[in-house]
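For reference, the structure discussed in these notes is given below.
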Amino acid sequence: MSIDTIVDSTRRDVLYLSTAVLGAAGIGLAAWPFIAQMNPDDSALALASIEVDISALEEGQSITVKWRGKPVFIRLRTAAEIAEAQSVDTADLMDPLARNPNVAADAEATDGNRSAAGNEALLVLIGICTHLGCVPIGEAGDYGGWFCPCHGSHYDTSGRIRKGPAPENLYIPPFSVVSETTIKIG
Amino acid sequence: MLGQTPYQPKTWIGRWLEKRLPVISLVVDQFVSFPTPKTLNYWWTFGMVLSVMLIIQLITGIVLAMHYTPHASMAFDSIEHIMRDVQYGWLIRYMHANGASFFFLALFIHMFRCLYYGSYKAPREVLWWFGVLILLTMMTTGFTGYVLPWGQMSYWAATVITNLFSAIPEYGDEIVIWLLGGYSVDNPTLVRFYSLHYLLPMIIAALVAIHVWALHVVGSNNPTGIEPKSLDETVPFTPYATMKDIFVVAVFLLLFAWFLFFQPNYLGHPDNYIPADPLKTPPHIVPEWYFLPFYAILRAVPDKLGGVVAMFASILVLFLLPWLDWSRVRSGTFRPLFRLFFWILVADCILLGWLGAKPAEGIYVEIAQFATIYYFAHFLLVLPLLGLFDRPKRLPESITAAVATLDEKKAAAAEQAALERVMRAQDAEDRAKAGDTATAEETAKADDAAKPEPAAEAPAAGEPPGAEPAAATEDASDVQREKAAGERGSAAGAPDKKD
């Protein structure tokens, strides 16, 4: 009797297929921890919020604090800067969204939606250029806001992208005003 | 592939080993008696230069790893420790840092040689692909290594390059956080880059092994672009190619040593001697010189995703090269229009490199955009069209025929030189008879100086046919010059008929 007559090829196919599927699933499961270990560790996740004392901040001054390893700009804007930011027609903006997790996700990028609720002079921004992650320089650029030296992105006094390769406005971190002199970021 | 003399073990122990592990015959057949086309010129020596640079990088890297500390708070100081305290640490670190630059320099020369002589064409497509893969792996290795000193440039290079991935739609930000192991570049990033920087050279070594394997299946291309038809048209790899390679390696290492000992920081950036500061980006960040053309392409596109795509595409387009350049004539030697566009491409790449070092503002952006468009146009438009419009010269029938043409030229040039020497001697004699001894002496001296020229200037293999032998010396009389010109014309004309 030859080998062909005793082999039922359909039953063999089921065995091959199920072995391959289980094998692939097993490799996938085994790979999972090796991929997941590259994500931020628990100690990095635990540092997710900070409180900042802003009592010393005068009009026209900025401070930079570090949150999640990133710089956060806290600026008390001058009246001229606020007026300039408010006068911009939102139709002229490169990125129409506010990028502010403290308001609705589809909120327009008006200055009111970008500045701190109840204190239009206070602007809190993540100081990371939305292009490739450099730290922009304050009170610089064509629009008097921020200028990124790496690839030439210009932001206005509300931190909105106006010119250059960056696709989005400077992000605003989740924050809340705890008291007159303190804000909580994260 | 043609074999010269296959290895036959002569001793009993050789035969014993050969049956169990034929390693000696592998080395002898592949690296000693391996047949290489006899027309190879000096541009074919950079494979060996690259192998030597890889070995230098491996050895210096292993030593540096013994003294370096991969931690965000200690990395910068450990580099200074290597520079100041470790015995010869300064030398080994400068070797490694400058070695990377020279590795890339040799790689670029090697690649442009492939582009000129059509070395990527059938049957060498897979060989070429593995070369491009080596380039990509080397770029990743160079980048991860540059981050390790943890200076300002290291830190911001890591930030900018990892943020390239944030351009990926939808999942970009998650991917960047995953790559960094945090919300910004920090210790987890440094440590994983260190781990990868140690892993990737081993992958390069493996890719090189496959590259050499593929090379030894299809054999070397050569300046004529014509495959050797018989063993007569080849020479054994050792000593012919080996000696030539060793000579060029020595010259190349001389240049390397000059940078190493006299300008060790010329190719680096002073900002990288400032410890990394996550709150302050240096006002003018630029990558290492070997990334500048790609960086210029990235910045030329006024759109984030577009810029990233263009930068990666500038390398990925090389994978398609064997099909984009579909002309059946392989070597640029026989393609006049192709040669012109090849040199324009070289100039374009140098221009892009220069622009990559300039700030991204004003006129520089526009020139970079033009140069980027031209770069892609060369591969996607010019090369396919050249296949239609380039009128290649007639190819020699074989390597032997091509060499015979050169030999005839050399012989004609030598004959010409001998003739001129005789005529000038005659002239000097005539003048001496006329009593003008001073002039005669001068002429004789000039003759001696001129003697070796014609032979030395005979065209090397691979140069376009039709190159003329050296011109007669300045003080030859008008009559001689006319005669020489006439004979030169006929000497150069003879081989041209064969074209």
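Residue numbering restarts at 1 for every chain of the structure tokens, chains are lettered A, B, ... in their displayed order, and ligands are numbered from 1 as they appear.
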Dump as a ChimeraX atom specification the residues of chain B that approach chain A to within 8 Å, counting only C-alpha atoms.
-> /B:156,159-161,163-164,166,177-186,278-285,299,301-304,359-361
Residues from the last selection, N, CA and C atoms, saved as a compact mmCIF listing (two decimals), in the first residue's frame:
# COMPACT_ATOMS: atom_id res chain seq x y z
N TRP B 156 18.86 66.83 21.36
CA TRP B 156 17.89 67.40 20.43
C TRP B 156 17.84 66.64 19.12
N THR B 159 15.42 64.01 20.00
CA THR B 159 14.06 64.56 20.03
C THR B 159 13.50 64.71 18.62
N VAL B 160 14.28 65.36 17.77
CA VAL B 160 13.77 65.65 16.42
C VAL B 160 13.54 64.36 15.64
N ILE B 161 14.50 63.43 15.71
CA ILE B 161 14.38 62.23 14.88
C ILE B 161 13.24 61.33 15.38
N ASN B 163 10.64 62.33 16.89
CA ASN B 163 9.39 63.03 16.57
C ASN B 163 9.00 62.92 15.11
N LEU B 164 9.93 62.47 14.25
CA LEU B 164 9.56 62.22 12.86
C LEU B 164 8.37 61.27 12.81
N SER B 166 5.95 61.07 14.84
CA SER B 166 4.67 61.67 15.23
C SER B 166 3.90 62.14 14.01
N ILE B 177 5.80 57.98 22.02
CA ILE B 177 5.91 57.68 23.46
C ILE B 177 6.49 56.27 23.66
N TRP B 178 6.07 55.36 22.79
CA TRP B 178 6.57 53.97 22.87
C TRP B 178 8.07 53.93 22.55
N LEU B 179 8.48 54.69 21.51
CA LEU B 179 9.90 54.71 21.14
C LEU B 179 10.75 55.31 22.25
N LEU B 180 10.22 56.39 22.87
CA LEU B 180 11.00 57.10 23.88
C LEU B 180 10.97 56.42 25.23
N GLY B 181 9.91 55.66 25.50
CA GLY B 181 9.73 55.09 26.83
C GLY B 181 9.39 56.16 27.84
N GLY B 182 8.76 57.23 27.40
CA GLY B 182 8.37 58.33 28.27
C GLY B 182 7.72 59.41 27.44
N TYR B 183 7.45 60.56 28.06
CA TYR B 183 6.79 61.63 27.32
C TYR B 183 7.79 62.56 26.66
N SER B 184 9.04 62.38 26.99
CA SER B 184 10.09 63.13 26.31
C SER B 184 11.35 62.27 26.33
N VAL B 185 12.38 62.72 25.63
CA VAL B 185 13.63 61.98 25.62
C VAL B 185 14.22 62.00 27.02
N ASP B 186 14.48 60.84 27.58
CA ASP B 186 15.02 60.79 28.94
C ASP B 186 15.83 59.50 29.11
N PRO B 278 16.84 69.61 28.66
CA PRO B 278 15.52 69.40 28.03
C PRO B 278 14.70 70.68 27.91
N LEU B 279 15.11 71.76 28.57
CA LEU B 279 14.30 72.98 28.54
C LEU B 279 14.82 74.00 27.53
N LYS B 280 15.92 73.71 26.88
CA LYS B 280 16.49 74.70 25.97
C LYS B 280 17.04 74.04 24.71
N THR B 281 16.45 74.41 23.58
CA THR B 281 16.95 73.91 22.31
C THR B 281 18.05 74.84 21.82
N PRO B 282 19.20 74.31 21.37
CA PRO B 282 20.23 75.19 20.81
C PRO B 282 19.64 75.95 19.62
N PRO B 283 20.04 77.22 19.44
CA PRO B 283 19.42 78.02 18.38
C PRO B 283 19.61 77.45 16.98
N HIS B 284 20.66 76.69 16.77
CA HIS B 284 20.89 76.21 15.40
C HIS B 284 21.25 74.75 15.48
N ILE B 285 20.26 73.87 15.37
CA ILE B 285 20.62 72.45 15.46
C ILE B 285 20.76 71.87 14.06
N ARG B 299 13.40 69.36 5.50
CA ARG B 299 12.98 70.73 5.77
C ARG B 299 12.42 71.43 4.55
N VAL B 301 10.18 70.41 2.47
CA VAL B 301 8.74 70.23 2.25
C VAL B 301 7.99 70.98 3.35
N PRO B 302 7.11 71.92 2.98
CA PRO B 302 6.45 72.76 4.00
C PRO B 302 5.28 72.04 4.68
N ASP B 303 5.38 70.74 4.85
CA ASP B 303 4.30 69.99 5.48
C ASP B 303 4.97 68.90 6.30
N LYS B 304 4.50 68.69 7.54
CA LYS B 304 5.20 67.78 8.45
C LYS B 304 5.27 66.36 7.89
N PRO B 359 20.41 77.73 8.02
CA PRO B 359 19.12 77.87 8.69
C PRO B 359 17.96 77.75 7.69
N ALA B 360 16.82 77.24 8.19
CA ALA B 360 15.67 77.01 7.31
C ALA B 360 14.86 78.28 7.15
N GLU B 361 15.43 79.28 6.50
CA GLU B 361 14.69 80.52 6.29
C GLU B 361 15.10 81.14 4.96
From region 40-119 of chain A, collect each residue whose DSSP state is strand (DSSP E or B) and return the set as a PyMOL selection string.
-> chain A and resi 50-53+62-67+70-76+97+108+116+119
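Rounded to one decimal, CA of Leu355 (chain B) and CA of Tyr295 (chain B) lie 8.8 Å from each other.
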Taking the chain letters and numbering used in this document, name the residues of region 16-163 of chain A that DSSP puts in alpha helix (DSSP H), as a ChimeraX atom specification.
-> /A:16-36,42-46,79-87,111-114
Restricting the output to N, CA and C atoms, write the selected residues as a compact mmCIF listing (two decimals), in the first residue's frame.
# COMPACT_ATOMS: atom_id res chain seq x y z
N TYR A 16 -2.50 21.13 9.97
CA TYR A 16 -1.49 22.14 9.62
C TYR A 16 -1.99 23.54 9.95
N LEU A 17 -3.24 23.80 9.52
CA LEU A 17 -3.80 25.14 9.68
C LEU A 17 -3.94 25.51 11.15
N SER A 18 -4.49 24.57 11.93
CA SER A 18 -4.69 24.89 13.35
C SER A 18 -3.35 25.04 14.06
N THR A 19 -2.36 24.25 13.66
CA THR A 19 -1.02 24.40 14.26
C THR A 19 -0.45 25.77 13.94
N ALA A 20 -0.60 26.19 12.67
CA ALA A 20 -0.06 27.48 12.25
C ALA A 20 -0.75 28.62 12.99
N VAL A 21 -2.09 28.55 13.12
CA VAL A 21 -2.83 29.62 13.80
C VAL A 21 -2.43 29.70 15.26
N LEU A 22 -2.39 28.56 15.91
CA LEU A 22 -2.01 28.55 17.32
C LEU A 22 -0.57 29.03 17.50
N GLY A 23 0.29 28.59 16.59
CA GLY A 23 1.70 29.00 16.66
C GLY A 23 1.83 30.50 16.53
N ALA A 24 1.10 31.09 15.55
CA ALA A 24 1.17 32.54 15.34
C ALA A 24 0.64 33.27 16.56
N ALA A 25 -0.47 32.77 17.12
CA ALA A 25 -1.04 33.40 18.32
C ALA A 25 -0.05 33.32 19.47
N GLY A 26 0.62 32.18 19.60
CA GLY A 26 1.59 32.01 20.66
C GLY A 26 2.77 32.96 20.53
N ILE A 27 3.26 33.12 19.30
CA ILE A 27 4.37 34.04 19.07
C ILE A 27 3.93 35.47 19.37
N GLY A 28 2.69 35.80 18.95
CA GLY A 28 2.16 37.14 19.21
C GLY A 28 2.09 37.41 20.70
N LEU A 29 1.57 36.44 21.45
CA LEU A 29 1.44 36.62 22.90
C LEU A 29 2.81 36.72 23.56
N ALA A 30 3.75 35.92 23.08
CA ALA A 30 5.10 35.96 23.66
C ALA A 30 5.77 37.29 23.35
N ALA A 31 5.44 37.88 22.16
CA ALA A 31 6.08 39.14 21.77
C ALA A 31 5.51 40.31 22.56
N TRP A 32 4.26 40.15 23.03
CA TRP A 32 3.57 41.27 23.70
C TRP A 32 4.40 41.95 24.81
N PRO A 33 4.87 41.20 25.80
CA PRO A 33 5.64 41.87 26.86
C PRO A 33 6.91 42.55 26.35
N PHE A 34 7.48 41.98 25.28
CA PHE A 34 8.73 42.57 24.76
C PHE A 34 8.46 43.90 24.07
N ILE A 35 7.25 44.04 23.52
CA ILE A 35 6.89 45.32 22.91
C ILE A 35 6.42 46.29 23.99
N ALA A 36 5.62 45.77 24.94
CA ALA A 36 5.03 46.64 25.97
C ALA A 36 6.08 47.21 26.91
N ASP A 42 6.09 52.63 35.24
CA ASP A 42 5.15 53.11 36.25
C ASP A 42 5.64 54.38 36.94
N SER A 43 6.97 54.50 37.13
CA SER A 43 7.47 55.68 37.82
C SER A 43 7.26 56.92 36.97
N ALA A 44 7.35 56.77 35.64
CA ALA A 44 7.11 57.92 34.76
C ALA A 44 5.62 58.26 34.77
N LEU A 45 4.78 57.25 34.78
CA LEU A 45 3.33 57.50 34.79
C LEU A 45 2.89 58.15 36.10
N ALA A 46 3.59 57.80 37.20
CA ALA A 46 3.21 58.32 38.51
C ALA A 46 3.47 59.82 38.64
N ALA A 79 -1.44 93.46 27.75
CA ALA A 79 -2.71 93.84 27.13
C ALA A 79 -2.58 93.85 25.61
N ALA A 80 -1.44 94.33 25.13
CA ALA A 80 -1.23 94.40 23.68
C ALA A 80 -1.22 93.00 23.06
N GLU A 81 -0.59 92.08 23.75
CA GLU A 81 -0.52 90.70 23.24
C GLU A 81 -1.91 90.07 23.20
N ILE A 82 -2.69 90.34 24.25
CA ILE A 82 -4.05 89.78 24.30
C ILE A 82 -4.87 90.37 23.15
N ALA A 83 -4.78 91.69 22.98
CA ALA A 83 -5.56 92.36 21.93
C ALA A 83 -5.19 91.80 20.57
N GLU A 84 -3.89 91.59 20.35
CA GLU A 84 -3.44 91.07 19.07
C GLU A 84 -3.96 89.65 18.84
N ALA A 85 -3.91 88.84 19.89
CA ALA A 85 -4.36 87.46 19.76
C ALA A 85 -5.87 87.39 19.52
N GLN A 86 -6.60 88.33 20.14
CA GLN A 86 -8.06 88.31 19.99
C GLN A 86 -8.51 88.85 18.64
N SER A 87 -7.67 89.70 18.04
CA SER A 87 -8.07 90.36 16.79
C SER A 87 -7.96 89.42 15.58
N ASP A 111 -8.82 83.00 20.91
CA ASP A 111 -7.94 83.24 22.05
C ASP A 111 -8.63 82.86 23.35
N GLY A 112 -9.96 83.06 23.40
CA GLY A 112 -10.71 82.70 24.60
C GLY A 112 -10.65 81.21 24.90
N ASN A 113 -10.61 80.41 23.85
CA ASN A 113 -10.53 78.96 24.05
C ASN A 113 -9.12 78.49 24.36
N ARG A 114 -8.14 79.37 24.22
CA ARG A 114 -6.75 78.98 24.45
C ARG A 114 -6.25 79.46 25.81
Record the distance separating CA of Phe175 (chain A) and CA of Glu58 (chain A), expressed in Å with one decimal.
->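 Atom-to-atom, CA of Phe175 (chain A) and CA of Glu58 (chain A) are spaced 19.8 Å apart.
Across A:Ala105, A:Val177, A:Met94, A:Ile54, the tightest approach to Asn119 (chain A) is made by A:Val177 when counting only C-alpha atoms.
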What does the distance between CA of Ala109 (chain A) and CA of Gly186 (chain A) come to in Å, to one decimal place?
-> 21.0 Å
Pick out the residues sitting within 10 Å of Tyr146 (chain B), and hand them over as a ChimeraX atom specification; count only C-alpha atoms, and ignore anything fewer than 2 positions along from it in its own chain.
-> /B:97,100,140-144,148-151,153-155,157-158,193,197,272,287-288
Spatial neighbours of region 210-222 of chain B, max dist 10 Å, only C-alpha atoms, sep filter under 5 positions, as a ChimeraX atom specification = /B:1-2,30-31,34-41,43-44,47,114,117-131,133-134,204-205,227-228,330-331,399,461-462
Counting only C-alpha atoms, figure out which residue out of A:Pro174, A:Ser179, A:Arg75, A:Glu108 gets nearest to Ala91 (chain A).
-> A:Glu108
Residues near Ala296 (chain B), cut-off 7 Å, only C-alpha atoms, skip fewer than 3 positions along chain, as a list in words =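 Here the answer would be Leu292, Pro293, Arg299, Ala300, Leu352, Gly353, Leu355, Gly356 and Ala368 of chain B.
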File dump, residues just selected, N, CA, C and O atoms, as an mmCIF file, in the first residue's frame:
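File written: selection-v5.cif
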data_model
loop_
_atom_site.group_PDB
_atom_site.id
_atom_site.type_symbol
_atom_site.label_atom_id
_atom_site.label_comp_id
_atom_site.auth_asym_id
_atom_site.auth_seq_id
_atom_site.Cartn_x
_atom_site.Cartn_y
_atom_site.Cartn_z
ATOM 1 N N LEU B 292 23.147 65.533 6.375
ATOM 2 C CA LEU B 292 22.684 66.858 5.950
ATOM 3 C C LEU B 292 21.809 66.835 4.695
ATOM 4 O O LEU B 292 20.780 67.511 4.661
ATOM 5 N N PRO B 293 22.173 66.078 3.635
ATOM 6 C CA PRO B 293 21.304 66.106 2.445
ATOM 7 C C PRO B 293 19.879 65.631 2.762
ATOM 8 O O PRO B 293 18.909 66.219 2.285
ATOM 9 N N ARG B 299 13.403 69.356 5.502
ATOM 10 C CA ARG B 299 12.979 70.726 5.772
ATOM 11 C C ARG B 299 12.416 71.425 4.551
ATOM 12 O O ARG B 299 11.742 72.438 4.662
ATOM 13 N N ALA B 300 12.728 70.881 3.362
ATOM 14 C CA ALA B 300 12.299 71.572 2.141
ATOM 15 C C ALA B 300 10.791 71.495 1.952
ATOM 16 O O ALA B 300 10.185 72.384 1.360
ATOM 17 N N LEU B 352 22.468 69.941 -1.590
ATOM 18 C CA LEU B 352 21.530 69.600 -0.512
ATOM 19 C C LEU B 352 22.264 69.521 0.824
ATOM 20 O O LEU B 352 21.759 69.970 1.849
ATOM 21 N N GLY B 353 23.461 68.935 0.799
ATOM 22 C CA GLY B 353 24.251 68.839 2.021
ATOM 23 C C GLY B 353 24.587 70.213 2.578
ATOM 24 O O GLY B 353 24.483 70.461 3.784
ATOM 25 N N LEU B 355 22.903 72.977 2.010
ATOM 26 C CA LEU B 355 21.664 73.616 2.462
ATOM 27 C C LEU B 355 21.213 73.068 3.811
ATOM 28 O O LEU B 355 20.648 73.792 4.627
ATOM 29 N N GLY B 356 21.493 71.760 4.039
ATOM 30 C CA GLY B 356 21.091 71.152 5.304
ATOM 31 C C GLY B 356 21.766 71.812 6.494
ATOM 32 O O GLY B 356 21.251 71.780 7.607
ATOM 33 N N ALA B 368 16.452 74.760 -1.460
ATOM 34 C CA ALA B 368 16.325 73.367 -0.996
ATOM 35 C C ALA B 368 15.137 72.694 -1.671
ATOM 36 O O ALA B 368 15.199 71.513 -2.022
#
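Using only C-alpha atoms for every distance, the candidate list A:Tyr155, A:Asp89, A:Asp142, A:Leu125 yields A:Leu125 as the residue closest to Pro101 (chain A).
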Contacts of Gly61 (chain B) at 12 Å (only C-alpha atoms; same-chain gap of 4+ positions) as a count of residues only | 29
Min atom-atom distance to Ala167 (chain B) from the set B:Leu305, B:Leu351, B:Ile226, B:Val86, counting only C-alpha atoms, belongs to B:Leu305
